[in-house]
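> Sending over model31.pdb (PDB, C-alpha atoms and all ligand atoms).
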ATOM      1  CA  MET A   1     106.415 -59.897 -35.366
ATOM      2  CA  PRO A   2     107.869 -58.396 -38.580
ATOM      3  CA  THR A   3     110.115 -55.399 -37.872
ATOM      4  CA  ARG A   4     112.224 -52.851 -39.748
ATOM      5  CA  LEU A   5     115.115 -51.277 -37.925
ATOM      6  CA  ALA A   6     117.885 -48.714 -38.460
ATOM      7  CA  THR A   7     120.453 -46.957 -36.249
ATOM      8  CA  ALA A   8     121.934 -43.514 -36.922
ATOM      9  CA  VAL A   9     124.476 -41.212 -35.294
ATOM     10  CA  ALA A  10     124.443 -37.412 -35.508
ATOM     11  CA  ASN A  11     126.628 -34.689 -34.024
ATOM     12  CA  ALA A  12     125.581 -31.533 -32.200
ATOM     13  CA  ASN A  13     126.398 -28.197 -33.836
ATOM     14  CA  ILE A  14     127.290 -24.703 -32.673
ATOM     15  CA  ALA A  15     125.821 -21.714 -34.515
ATOM     16  CA  PHE A  16     128.145 -18.856 -35.424
ATOM     17  CA  ILE A  17     125.210 -16.917 -36.901
ATOM     18  CA  LYS A  18     122.185 -17.778 -34.780
ATOM     19  CA  TYR A  19     118.677 -18.952 -35.511
ATOM     20  CA  TRP A  20     116.168 -17.331 -33.147
ATOM     21  CA  GLY A  21     112.487 -16.948 -34.019
ATOM     22  CA  ASN A  22     110.350 -18.561 -36.707
ATOM     23  CA  ARG A  23     108.302 -17.233 -39.621
ATOM     24  CA  ASP A  24     106.154 -20.345 -39.211
ATOM     25  CA  GLU A  25     106.253 -22.067 -35.799
ATOM     26  CA  LYS A  26     104.746 -25.352 -36.944
ATOM     27  CA  LEU A  27     106.977 -25.802 -39.999
ATOM     28  CA  ARG A  28     109.938 -24.266 -38.149
ATOM     29  CA  LEU A  29     110.696 -21.903 -41.000
ATOM     30  CA  PRO A  30     113.305 -19.617 -39.437
ATOM     31  CA  ALA A  31     113.191 -15.820 -39.337
ATOM     32  CA  ASN A  32     116.751 -15.757 -40.744
ATOM     33  CA  SER A  33     119.373 -17.985 -42.343
ATOM     34  CA  SER A  34     122.099 -19.287 -40.001
ATOM     35  CA  LEU A  35     125.619 -20.735 -40.103
ATOM     36  CA  SER A  36     127.217 -23.375 -37.878
ATOM     37  CA  MET A  37     129.963 -25.902 -37.289
ATOM     38  CA  THR A  38     129.080 -29.550 -36.786
ATOM     39  CA  LEU A  39     130.791 -30.780 -33.596
ATOM     40  CA  SER A  40     132.720 -34.026 -33.616
ATOM     41  CA  GLY A  41     132.291 -36.320 -30.637
ATOM     42  CA  LEU A  42     129.129 -34.719 -29.203
ATOM     43  CA  GLU A  43     126.813 -37.403 -30.474
ATOM     44  CA  THR A  44     123.322 -38.763 -30.300
ATOM     45  CA  GLU A  45     122.852 -42.390 -31.352
ATOM     46  CA  THR A  46     119.292 -43.437 -32.131
ATOM     47  CA  THR A  47     117.695 -46.719 -33.153
ATOM     48  CA  VAL A  48     114.211 -46.768 -34.675
ATOM     49  CA  GLU A  49     112.413 -50.090 -34.932
ATOM     50  CA  PHE A  50     109.007 -50.180 -36.635
ATOM     51  CA  SER A  51     106.980 -53.324 -35.811
ATOM     52  CA  GLU A  52     103.777 -54.553 -37.398
ATOM     53  CA  GLY A  53     102.094 -55.650 -34.184
ATOM     54  CA  ARG A  54     103.176 -52.806 -31.870
ATOM     55  CA  ALA A  55     100.254 -50.951 -30.241
ATOM     56  CA  ALA A  56     101.940 -47.608 -29.464
ATOM     57  CA  ASP A  57     105.207 -45.748 -29.987
ATOM     58  CA  GLU A  58     107.711 -46.271 -27.216
ATOM     59  CA  VAL A  59     110.411 -43.629 -26.703
ATOM     60  CA  ILE A  60     113.450 -44.329 -24.535
ATOM     61  CA  ILE A  61     116.060 -41.602 -24.012
ATOM     62  CA  GLY A  62     119.155 -42.294 -21.945
ATOM     63  CA  GLY A  63     117.573 -45.506 -20.678
ATOM     64  CA  GLN A  64     114.398 -43.745 -19.462
ATOM     65  CA  ALA A  65     110.976 -44.362 -20.995
ATOM     66  CA  GLN A  66     109.588 -40.937 -21.927
ATOM     67  CA  THR A  67     106.070 -39.653 -21.317
ATOM     68  CA  GLY A  68     104.361 -36.293 -21.892
ATOM     69  CA  GLN A  69     105.837 -33.615 -24.145
ATOM     70  CA  ALA A  70     109.220 -35.239 -24.739
ATOM     71  CA  ARG A  71     107.485 -38.370 -26.082
ATOM     72  CA  GLU A  72     104.858 -36.382 -28.032
ATOM     73  CA  ARG A  73     107.527 -34.477 -29.916
ATOM     74  CA  VAL A  74     109.171 -37.718 -31.077
ATOM     75  CA  VAL A  75     105.801 -39.293 -31.923
ATOM     76  CA  ALA A  76     104.882 -36.242 -34.033
ATOM     77  CA  HIS A  77     108.149 -36.663 -35.958
ATOM     78  CA  LEU A  78     107.483 -40.374 -36.451
ATOM     79  CA  ASP A  79     103.988 -39.453 -37.741
ATOM     80  CA  THR A  80     105.592 -37.196 -40.371
ATOM     81  CA  ILE A  81     107.928 -40.018 -41.436
ATOM     82  CA  ARG A  82     105.098 -42.595 -41.492
ATOM     83  CA  ALA A  83     102.870 -40.289 -43.573
ATOM     84  CA  ARG A  84     105.660 -39.856 -46.142
ATOM     85  CA  ALA A  85     106.447 -43.563 -46.288
ATOM     86  CA  GLY A  86     102.792 -44.618 -46.314
ATOM     87  CA  ILE A  87     103.192 -46.927 -43.314
ATOM     88  CA  VAL A  88     101.221 -47.240 -40.071
ATOM     89  CA  TRP A  89     103.503 -49.435 -37.938
ATOM     90  CA  ARG A  90     104.324 -48.060 -34.487
ATOM     91  CA  ALA A  91     107.946 -47.806 -33.391
ATOM     92  CA  ARG A  92     110.322 -48.308 -30.525
ATOM     93  CA  VAL A  93     112.861 -45.465 -30.416
ATOM     94  CA  GLU A  94     115.937 -45.783 -28.281
ATOM     95  CA  SER A  95     118.302 -42.833 -28.061
ATOM     96  CA  SER A  96     121.354 -41.842 -26.054
ATOM     97  CA  ASN A  97     123.602 -38.776 -25.884
ATOM     98  CA  ASN A  98     127.223 -38.714 -24.794
ATOM     99  CA  PHE A  99     126.922 -35.118 -23.469
ATOM    100  CA  PRO A 100     124.601 -33.277 -21.041
ATOM    101  CA  VAL A 101     121.158 -32.460 -22.441
ATOM    102  CA  GLY A 102     119.152 -29.260 -22.073
ATOM    103  CA  ALA A 103     121.957 -26.857 -21.158
ATOM    104  CA  GLY A 104     122.663 -24.994 -24.379
ATOM    105  CA  ILE A 105     124.584 -27.722 -26.165
ATOM    106  CA  ALA A 106     121.919 -28.225 -28.817
ATOM    107  CA  SER A 107     120.955 -31.769 -27.827
ATOM    108  CA  SER A 108     117.727 -31.425 -29.807
ATOM    109  CA  ALA A 109     119.789 -30.783 -32.945
ATOM    110  CA  SER A 110     121.714 -34.062 -32.838
ATOM    111  CA  ALA A 111     118.614 -35.875 -31.504
ATOM    112  CA  PHE A 112     116.261 -34.922 -34.347
ATOM    113  CA  ALA A 113     119.005 -35.326 -36.953
ATOM    114  CA  ALA A 114     119.679 -38.891 -35.759
ATOM    115  CA  LEU A 115     115.945 -39.636 -35.451
ATOM    116  CA  SER A 116     115.351 -38.387 -39.007
ATOM    117  CA  VAL A 117     118.161 -40.461 -40.547
ATOM    118  CA  ALA A 118     117.290 -43.639 -38.612
ATOM    119  CA  GLY A 119     113.519 -43.166 -38.957
ATOM    120  CA  ALA A 120     113.616 -42.481 -42.700
ATOM    121  CA  ALA A 121     115.847 -45.526 -43.335
ATOM    122  CA  ALA A 122     113.739 -47.827 -41.147
ATOM    123  CA  ALA A 123     110.592 -46.626 -42.931
ATOM    124  CA  GLY A 124     112.173 -47.410 -46.326
ATOM    125  CA  LEU A 125     112.438 -43.776 -47.455
ATOM    126  CA  ASP A 126     115.417 -42.993 -49.661
ATOM    127  CA  LEU A 127     116.022 -39.280 -49.008
ATOM    128  CA  THR A 128     118.724 -36.921 -50.282
ATOM    129  CA  GLU A 129     120.773 -34.862 -47.811
ATOM    130  CA  PRO A 130     118.677 -31.689 -48.420
ATOM    131  CA  GLU A 131     115.493 -33.729 -47.923
ATOM    132  CA  LEU A 132     116.827 -35.202 -44.670
ATOM    133  CA  SER A 133     117.853 -31.739 -43.497
ATOM    134  CA  ALA A 134     114.382 -30.296 -44.209
ATOM    135  CA  LEU A 135     112.826 -33.298 -42.428
ATOM    136  CA  ALA A 136     115.073 -32.863 -39.368
ATOM    137  CA  ARG A 137     114.119 -29.147 -39.305
ATOM    138  CA  LEU A 138     110.490 -30.094 -38.560
ATOM    139  CA  GLY A 139     111.619 -31.735 -35.298
ATOM    140  CA  SER A 140     113.987 -28.968 -34.162
ATOM    141  CA  GLY A 141     115.130 -26.090 -36.352
ATOM    142  CA  SER A 142     118.819 -26.400 -35.586
ATOM    143  CA  ALA A 143     118.634 -30.157 -36.362
ATOM    144  CA  ALA A 144     118.582 -29.151 -40.044
ATOM    145  CA  ARG A 145     122.234 -28.117 -39.524
ATOM    146  CA  SER A 146     123.265 -31.404 -37.866
ATOM    147  CA  ILE A 147     122.615 -33.405 -41.059
ATOM    148  CA  PRO A 148     125.603 -32.083 -43.106
ATOM    149  CA  GLY A 149     129.186 -32.160 -41.819
ATOM    150  CA  GLY A 150     131.860 -29.493 -41.399
ATOM    151  CA  PHE A 151     130.806 -25.862 -41.787
ATOM    152  CA  VAL A 152     127.131 -25.571 -42.564
ATOM    153  CA  GLU A 153     124.676 -22.979 -43.818
ATOM    154  CA  TRP A 154     120.903 -23.262 -43.340
ATOM    155  CA  GLN A 155     118.963 -21.077 -45.746
ATOM    156  CA  ALA A 156     115.706 -19.669 -44.448
ATOM    157  CA  GLY A 157     113.945 -20.839 -47.644
ATOM    158  CA  SER A 158     110.727 -19.572 -49.174
ATOM    159  CA  ASP A 159     107.262 -19.536 -47.572
ATOM    160  CA  ASP A 160     105.647 -21.161 -50.603
ATOM    161  CA  ALA A 161     108.132 -24.026 -50.667
ATOM    162  CA  PRO A 162     109.055 -25.182 -47.126
ATOM    163  CA  GLU A 163     111.298 -27.883 -48.618
ATOM    164  CA  THR A 164     113.710 -25.084 -49.646
ATOM    165  CA  SER A 165     114.541 -24.455 -45.976
ATOM    166  CA  PHE A 166     117.443 -26.885 -45.546
ATOM    167  CA  ALA A 167     121.146 -26.858 -44.675
ATOM    168  CA  TRP A 168     124.224 -27.882 -46.637
ATOM    169  CA  SER A 169     127.965 -27.975 -46.081
ATOM    170  CA  ILE A 170     129.909 -24.905 -47.287
ATOM    171  CA  ALA A 171     133.302 -26.366 -46.278
ATOM    172  CA  PRO A 172     134.456 -29.795 -45.072
ATOM    173  CA  PRO A 173     135.606 -30.380 -41.447
ATOM    174  CA  GLU A 174     139.296 -30.140 -42.424
ATOM    175  CA  HIS A 175     138.803 -26.657 -43.933
ATOM    176  CA  TRP A 176     139.777 -24.887 -40.682
ATOM    177  CA  ASP A 177     141.276 -26.057 -37.385
ATOM    178  CA  LEU A 178     138.669 -24.361 -35.184
ATOM    179  CA  VAL A 179     137.998 -25.842 -31.751
ATOM    180  CA  ASP A 180     134.922 -25.345 -29.579
ATOM    181  CA  VAL A 181     136.059 -25.410 -25.937
ATOM    182  CA  ILE A 182     132.750 -25.541 -24.075
ATOM    183  CA  ALA A 183     132.667 -24.259 -20.505
ATOM    184  CA  VAL A 184     129.811 -26.268 -18.973
ATOM    185  CA  VAL A 185     128.811 -24.087 -16.035
ATOM    186  CA  SER A 186     125.413 -25.703 -15.486
ATOM    187  CA  GLN A 187     123.908 -29.049 -16.476
ATOM    188  CA  LYS A 188     120.428 -28.126 -15.281
ATOM    189  CA  HIS A 189     117.509 -28.200 -17.720
ATOM    190  CA  LYS A 190     116.677 -24.654 -18.732
ATOM    191  CA  ALA A 191     113.339 -23.185 -17.597
ATOM    192  CA  VAL A 192     112.281 -22.089 -21.072
ATOM    193  CA  GLY A 193     113.492 -24.342 -23.871
ATOM    194  CA  SER A 194     114.235 -23.045 -27.344
ATOM    195  CA  THR A 195     110.821 -23.996 -28.792
ATOM    196  CA  GLY A 196     109.146 -21.688 -26.250
ATOM    197  CA  GLY A 197     111.885 -19.102 -26.735
ATOM    198  CA  HIS A 198     111.450 -18.897 -30.527
ATOM    199  CA  ALA A 199     107.766 -18.115 -29.999
ATOM    200  CA  LEU A 200     108.711 -15.114 -27.811
ATOM    201  CA  ALA A 201     111.324 -13.647 -30.171
ATOM    202  CA  GLY A 202     108.792 -11.451 -31.991
ATOM    203  CA  THR A 203     107.765  -9.769 -28.727
ATOM    204  CA  SER A 204     111.182  -8.081 -28.510
ATOM    205  CA  PRO A 205     111.417  -4.732 -30.343
ATOM    206  CA  LEU A 206     115.009  -5.732 -31.167
ATOM    207  CA  GLN A 207     114.098  -8.870 -33.138
ATOM    208  CA  ALA A 208     113.166  -6.922 -36.299
ATOM    209  CA  ALA A 209     116.540  -5.154 -36.235
ATOM    210  CA  ARG A 210     118.371  -8.445 -35.618
ATOM    211  CA  VAL A 211     116.602 -10.187 -38.503
ATOM    212  CA  ALA A 212     116.998  -7.215 -40.884
ATOM    213  CA  THR A 213     120.776  -7.273 -40.447
ATOM    214  CA  ALA A 214     121.298 -11.060 -40.208
ATOM    215  CA  ALA A 215     121.999 -11.636 -43.920
ATOM    216  CA  GLU A 216     124.824  -9.094 -43.866
ATOM    217  CA  ARG A 217     126.397 -10.729 -40.782
ATOM    218  CA  LEU A 218     126.039 -14.167 -42.342
ATOM    219  CA  GLN A 219     127.839 -13.020 -45.479
ATOM    220  CA  ARG A 220     130.660 -11.485 -43.422
ATOM    221  CA  CYS A 221     130.927 -14.651 -41.336
ATOM    222  CA  ARG A 222     130.938 -16.916 -44.411
ATOM    223  CA  GLU A 223     133.675 -14.848 -46.087
ATOM    224  CA  ALA A 224     135.839 -14.750 -42.966
ATOM    225  CA  LEU A 225     135.367 -18.485 -42.496
ATOM    226  CA  LEU A 226     136.176 -19.365 -46.109
ATOM    227  CA  THR A 227     139.320 -17.167 -46.024
ATOM    228  CA  ARG A 228     140.218 -18.337 -42.475
ATOM    229  CA  ASP A 229     140.352 -14.758 -41.190
ATOM    230  CA  PHE A 230     140.025 -15.342 -37.436
ATOM    231  CA  PRO A 231     139.836 -11.700 -36.184
ATOM    232  CA  ARG A 232     137.115 -10.827 -38.711
ATOM    233  CA  PHE A 233     135.320 -14.116 -38.082
ATOM    234  CA  ILE A 234     135.193 -13.933 -34.294
ATOM    235  CA  GLU A 235     134.093 -10.288 -34.277
ATOM    236  CA  VAL A 236     130.904 -11.098 -36.175
ATOM    237  CA  VAL A 237     130.336 -14.339 -34.228
ATOM    238  CA  GLU A 238     130.381 -12.479 -30.889
ATOM    239  CA  ALA A 239     128.229  -9.617 -32.242
ATOM    240  CA  ASP A 240     125.627 -12.080 -33.501
ATOM    241  CA  SER A 241     125.488 -13.961 -30.191
ATOM    242  CA  ASN A 242     125.163 -10.653 -28.279
ATOM    243  CA  LEU A 243     122.288  -9.582 -30.519
ATOM    244  CA  MET A 244     120.404 -12.848 -29.992
ATOM    245  CA  HIS A 245     120.783 -12.547 -26.218
ATOM    246  CA  ALA A 246     119.642  -8.900 -26.383
ATOM    247  CA  VAL A 247     116.472 -10.161 -28.087
ATOM    248  CA  MET A 248     116.025 -12.862 -25.453
ATOM    249  CA  MET A 249     116.484 -10.409 -22.564
ATOM    250  CA  THR A 250     114.020  -7.915 -24.058
ATOM    251  CA  SER A 251     111.211 -10.304 -25.000
ATOM    252  CA  THR A 252     107.973 -10.547 -22.972
ATOM    253  CA  PRO A 253     108.506 -12.297 -20.641
ATOM    254  CA  PRO A 254     112.275 -11.748 -20.742
ATOM    255  CA  LEU A 255     114.594 -14.732 -20.970
ATOM    256  CA  PHE A 256     117.824 -14.558 -18.990
ATOM    257  CA  TYR A 257     119.896 -17.597 -19.920
ATOM    258  CA  TRP A 258     123.172 -16.289 -18.474
ATOM    259  CA  GLU A 259     124.492 -16.915 -14.990
ATOM    260  CA  PRO A 260     127.073 -14.581 -13.372
ATOM    261  CA  ILE A 261     129.863 -16.970 -14.419
ATOM    262  CA  THR A 262     128.708 -16.644 -18.055
ATOM    263  CA  LEU A 263     129.519 -12.916 -18.066
ATOM    264  CA  ALA A 264     132.769 -13.493 -16.178
ATOM    265  CA  ILE A 265     133.879 -15.881 -18.941
ATOM    266  CA  ILE A 266     132.805 -13.447 -21.689
ATOM    267  CA  LYS A 267     134.930 -10.685 -20.152
ATOM    268  CA  SER A 268     137.930 -12.959 -19.644
ATOM    269  CA  VAL A 269     137.766 -14.290 -23.197
ATOM    270  CA  ARG A 270     137.756 -10.764 -24.596
ATOM    271  CA  ARG A 271     140.729  -9.832 -22.411
ATOM    272  CA  TRP A 272     142.633 -12.964 -23.459
ATOM    273  CA  ARG A 273     142.050 -12.033 -27.103
ATOM    274  CA  SER A 274     143.315  -8.487 -26.564
ATOM    275  CA  GLU A 275     146.444 -10.114 -25.108
ATOM    276  CA  GLY A 276     146.970 -12.158 -28.276
ATOM    277  CA  LEU A 277     145.156 -15.475 -27.747
ATOM    278  CA  GLU A 278     142.998 -16.368 -30.772
ATOM    279  CA  VAL A 279     139.698 -17.040 -28.972
ATOM    280  CA  GLY A 280     136.154 -15.694 -28.844
ATOM    281  CA  TYR A 281     132.780 -16.740 -27.446
ATOM    282  CA  THR A 282     129.283 -17.652 -28.520
ATOM    283  CA  ILE A 283     126.358 -18.693 -26.313
ATOM    284  CA  ASP A 284     123.153 -20.587 -27.119
ATOM    285  CA  ALA A 285     119.927 -20.841 -25.104
ATOM    286  CA  GLY A 286     121.691 -21.656 -21.846
ATOM    287  CA  PRO A 287     124.464 -20.416 -19.557
ATOM    288  CA  ASN A 288     127.338 -22.443 -21.040
ATOM    289  CA  VAL A 289     129.983 -20.585 -23.002
ATOM    290  CA  HIS A 290     131.360 -21.946 -26.265
ATOM    291  CA  CYS A 291     134.921 -20.619 -26.485
ATOM    292  CA  VAL A 292     135.784 -20.777 -30.164
ATOM    293  CA  CYS A 293     139.502 -20.812 -30.871
ATOM    294  CA  ARG A 294     142.235 -22.048 -33.162
ATOM    295  CA  SER A 295     143.673 -25.477 -32.453
ATOM    296  CA  VAL A 296     146.995 -24.038 -31.216
ATOM    297  CA  SER A 297     145.178 -22.073 -28.497
ATOM    298  CA  ALA A 298     142.779 -24.801 -27.312
ATOM    299  CA  ALA A 299     144.899 -26.240 -24.486
ATOM    300  CA  GLU A 300     145.674 -22.763 -23.123
ATOM    301  CA  VAL A 301     141.985 -21.716 -23.261
ATOM    302  CA  GLU A 302     141.027 -24.889 -21.381
ATOM    303  CA  ARG A 303     143.758 -24.308 -18.766
ATOM    304  CA  ARG A 304     142.683 -20.708 -18.144
ATOM    305  CA  LEU A 305     139.002 -21.688 -17.854
ATOM    306  CA  ARG A 306     139.937 -24.252 -15.201
ATOM    307  CA  GLU A 307     142.547 -22.248 -13.297
ATOM    308  CA  ASN A 308     141.338 -18.636 -13.574
ATOM    309  CA  LEU A 309     137.589 -19.208 -13.648
ATOM    310  CA  ASP A 310     137.262 -22.498 -11.780
ATOM    311  CA  VAL A 311     135.221 -24.164 -14.546
ATOM    312  CA  LYS A 312     135.094 -27.853 -13.646
ATOM    313  CA  THR A 313     133.457 -29.395 -16.711
ATOM    314  CA  ILE A 314     134.863 -28.631 -20.139
ATOM    315  CA  LEU A 315     133.975 -30.339 -23.421
ATOM    316  CA  VAL A 316     136.267 -29.999 -26.411
ATOM    317  CA  ALA A 317     134.896 -30.459 -29.930
ATOM    318  CA  ARG A 318     136.397 -30.052 -33.381
ATOM    319  CA  PRO A 319     134.645 -29.826 -36.763
ATOM    320  CA  GLY A 320     132.677 -33.057 -37.240
ATOM    321  CA  GLY A 321     131.198 -35.166 -40.009
ATOM    322  CA  PRO A 322     127.619 -35.567 -41.249
ATOM    323  CA  ALA A 323     124.804 -37.592 -39.687
ATOM    324  CA  ARG A 324     125.126 -41.203 -40.790
ATOM    325  CA  LEU A 325     123.594 -44.639 -40.627
ATOM    326  CA  ARG A 326     125.404 -47.135 -38.437
ATOM    327  CA  GLY A 327     126.100 -50.733 -39.286
TER     328      GLY A 327
HETATM  329  O1  LIG B   1     116.693 -25.905 -32.783
HETATM  330  P1  LIG B   1     116.280 -25.205 -31.546
HETATM  331  O2  LIG B   1     114.809 -24.931 -31.519
HETATM  332  O3  LIG B   1     116.752 -25.891 -30.316
HETATM  333  O4  LIG B   1     116.935 -23.721 -31.555
HETATM  334  C1  LIG B   1     118.301 -23.486 -31.339
HETATM  335  C2  LIG B   1     118.527 -22.054 -31.053
HETATM  336  C3  LIG B   1     119.934 -21.660 -30.659
HETATM  337  O5  LIG B   1     120.701 -22.778 -30.272
HETATM  338  C4  LIG B   1     119.861 -20.702 -29.483
HETATM  339  C5  LIG B   1     120.629 -20.930 -31.807
HETATM  340  C6  LIG B   1     121.081 -21.788 -32.948
HETATM  341  O6  LIG B   1     121.084 -21.274 -34.081
HETATM  342  O7  LIG B   1     121.471 -22.953 -32.747
END
Please express what this file holds, its structure, as structure tokens.


Amino acid sequence: MPTRLATAVANANIAFIKYWGNRDEKLRLPANSSLSMTLSGLETETTVEFSEGRAADEVIIGGQAQTGQARERVVAHLDTIRARAGIVWRARVESSNNFPVGAGIASSASAFAALSVAGAAAAGLDLTEPELSALARLGSGSAARSIPGGFVEWQAGSDDAPETSFAWSIAPPEHWDLVDVIAVVSQKHKAVGSTGGHALAGTSPLQAARVATAAERLQRCREALLTRDFPRFIEVVEADSNLMHAVMMTSTPPLFYWEPITLAIIKSVRRWRSEGLEVGYTIDAGPNVHCVCRSVSAAEVERRLRENLDVKTILVARPGGPARLRG
């Protein structure tokens, strides 16, 4: 049967200024703009094959055929792509990650970025980077930031024009030698994923205060990043992560993503910095701690996590490139 196929690779990303809560849940228009680093080596590779005679979409992730919600979310994204391309062919989607999924290492970001790039190409759509970013956003908000490479800003965009909510690169990967040393303290799937979490953000009385002050933090973070001012940069990164977790912990029902080891790492990292090591932390919707440091400090941060805190699994990622077609 006639087929059209494309394969794409996309990297995960870590937010320095977080996205938490949507103005529009369905369109994933975020409550605030955010800023991130695309992570080299933490990849999703996805192949989309549309076939004329196929009866239904088939979704395979990590070798497992998906059913239920995980499949529905991919099918909904394929429907968006098909509607834009004016095609009706069903697809086979095969995807694999080289890092643990569902534990606060934004696997949905690289997954929907790769699905968008491969799906659009296989469907014959010729999209610009902003268009791909806005498309990826519909699958998972943070996926908008896994389309560009290096240091990335995602603007909240306007309500009247959802296509204005996309991400772009503000500096290439080689701009700054930052390293994300990720202490993987749990590989379990979290009880409440980020889609459910975003919907609860507005129930916290702290969300309005977080959102009202997000633009100022983003500006401070962008300036510190562009001038490579580590002390100023890491101060705002930690404050922003703390604020997001305060919102999570005070929503109804409350979301506690941290484990005891998470707080132990936070306290150690702050002590190490007061002793002169250039390192700080940021945490997503999970218990794992992203220790953000300069390249010169990365080996020492990794050693201390292993020896002082008994962290067994550590991933190390540097600034990475944009999502791309393979082959
Ligand atoms: O894209 P989502 O729905 O998985 O949301 C990601 C939310 C955080 O990772 C917690 C923060 C962020 O900006 O990446």

> Can I get the residues close to ligand LIG 1 (chain B) as a ChimeraX atom specification, where close means within 9 Å and we count only C-alpha atoms and all ligand atoms?

/A:13-21,28,34-36,104-109,137,139-145,193-198,241,244-245,283-286

> Could you state which residues are captured by the PyMOL selection byres (((chain A and resi 126-132) around 12) and not hetatm) in this file, as a ChimeraX atom specification?

/A:81,84-85,112-125,133-139,143-149,152-155,157,162-169,322-324

> Compare A:Thr282, A:Asp160, A:Gly202, A:Gly321 by their minimum atom-to-atom distance to Pro253 (chain A), counting only C-alpha atoms, and give me the closest one.

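Selected residue with least distance to Pro253 (chain A): A:Gly202.
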
> With the PyMOL selection byres (((chain A and resi 258-262) around 8) and not hetatm) as the selection, what would be picked from this file? Answer as a PyMOL selection string, please.

chain A and resi 185+256-257+263-266+286-289

> Assuming the chain letters and numbering stay as they are in my file, what does the PyMOL selection byres (((chain A and resi 55-65) around 7) and not hetatm) actually select? List them as a ChimeraX atom specification.

/A:53-54,66-67,71,75,90-97

> Since we have the selection now, will you write its residues out, keeping C-alpha atoms, as an mmCIF file, keeping the file's coordinate frame?


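Okay, out29.cif is ready:
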data_model
loop_
_atom_site.group_PDB
_atom_site.id
_atom_site.type_symbol
_atom_site.label_atom_id
_atom_site.label_comp_id
_atom_site.auth_asym_id
_atom_site.auth_seq_id
_atom_site.Cartn_x
_atom_site.Cartn_y
_atom_site.Cartn_z
ATOM 1 C CA GLY A 53 102.094 -55.650 -34.184
ATOM 2 C CA ARG A 54 103.176 -52.806 -31.870
ATOM 3 C CA GLN A 66 109.588 -40.937 -21.927
ATOM 4 C CA THR A 67 106.070 -39.653 -21.317
ATOM 5 C CA ARG A 71 107.485 -38.370 -26.082
ATOM 6 C CA VAL A 75 105.801 -39.293 -31.923
ATOM 7 C CA ARG A 90 104.324 -48.060 -34.487
ATOM 8 C CA ALA A 91 107.946 -47.806 -33.391
ATOM 9 C CA ARG A 92 110.322 -48.308 -30.525
ATOM 10 C CA VAL A 93 112.861 -45.465 -30.416
ATOM 11 C CA GLU A 94 115.937 -45.783 -28.281
ATOM 12 C CA SER A 95 118.302 -42.833 -28.061
ATOM 13 C CA SER A 96 121.354 -41.842 -26.054
ATOM 14 C CA ASN A 97 123.602 -38.776 -25.884
#

> Could you tell me how far CA of Ser274 (chain A) lies from CA of Asn242 (chain A), in Å and to one decimal?

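Atom-to-atom, CA of Ser274 (chain A) to CA of Asn242 (chain A), that is 18.4 Å.
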
> Nearest to Glu216 (chain A) among A:Glu43, A:Pro2, A:Thr313, A:Asn32, with distances taken over only C-alpha atoms: which residue is it?

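So, comparing all the options, the nearest one is A:Asn32.
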
> With a distance cut-off of 7 Å and only C-alpha atoms, select the neighbouring residues of Arg4 (chain A), excluding the residue or stretch itself and same-chain residues fewer than 5 positions from it, and output the selection as a tab-separated table (two decimals) with C-alpha atoms, in the frame of the given file.


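The resulting file, part34.tsv, is shown below:
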chain	number	residue	atom	x	y	z
A	49	GLU	CA	112.41	-50.09	-34.93
A	50	PHE	CA	109.01	-50.18	-36.64
A	51	SER	CA	106.98	-53.32	-35.81
A	122	ALA	CA	113.74	-47.83	-41.15
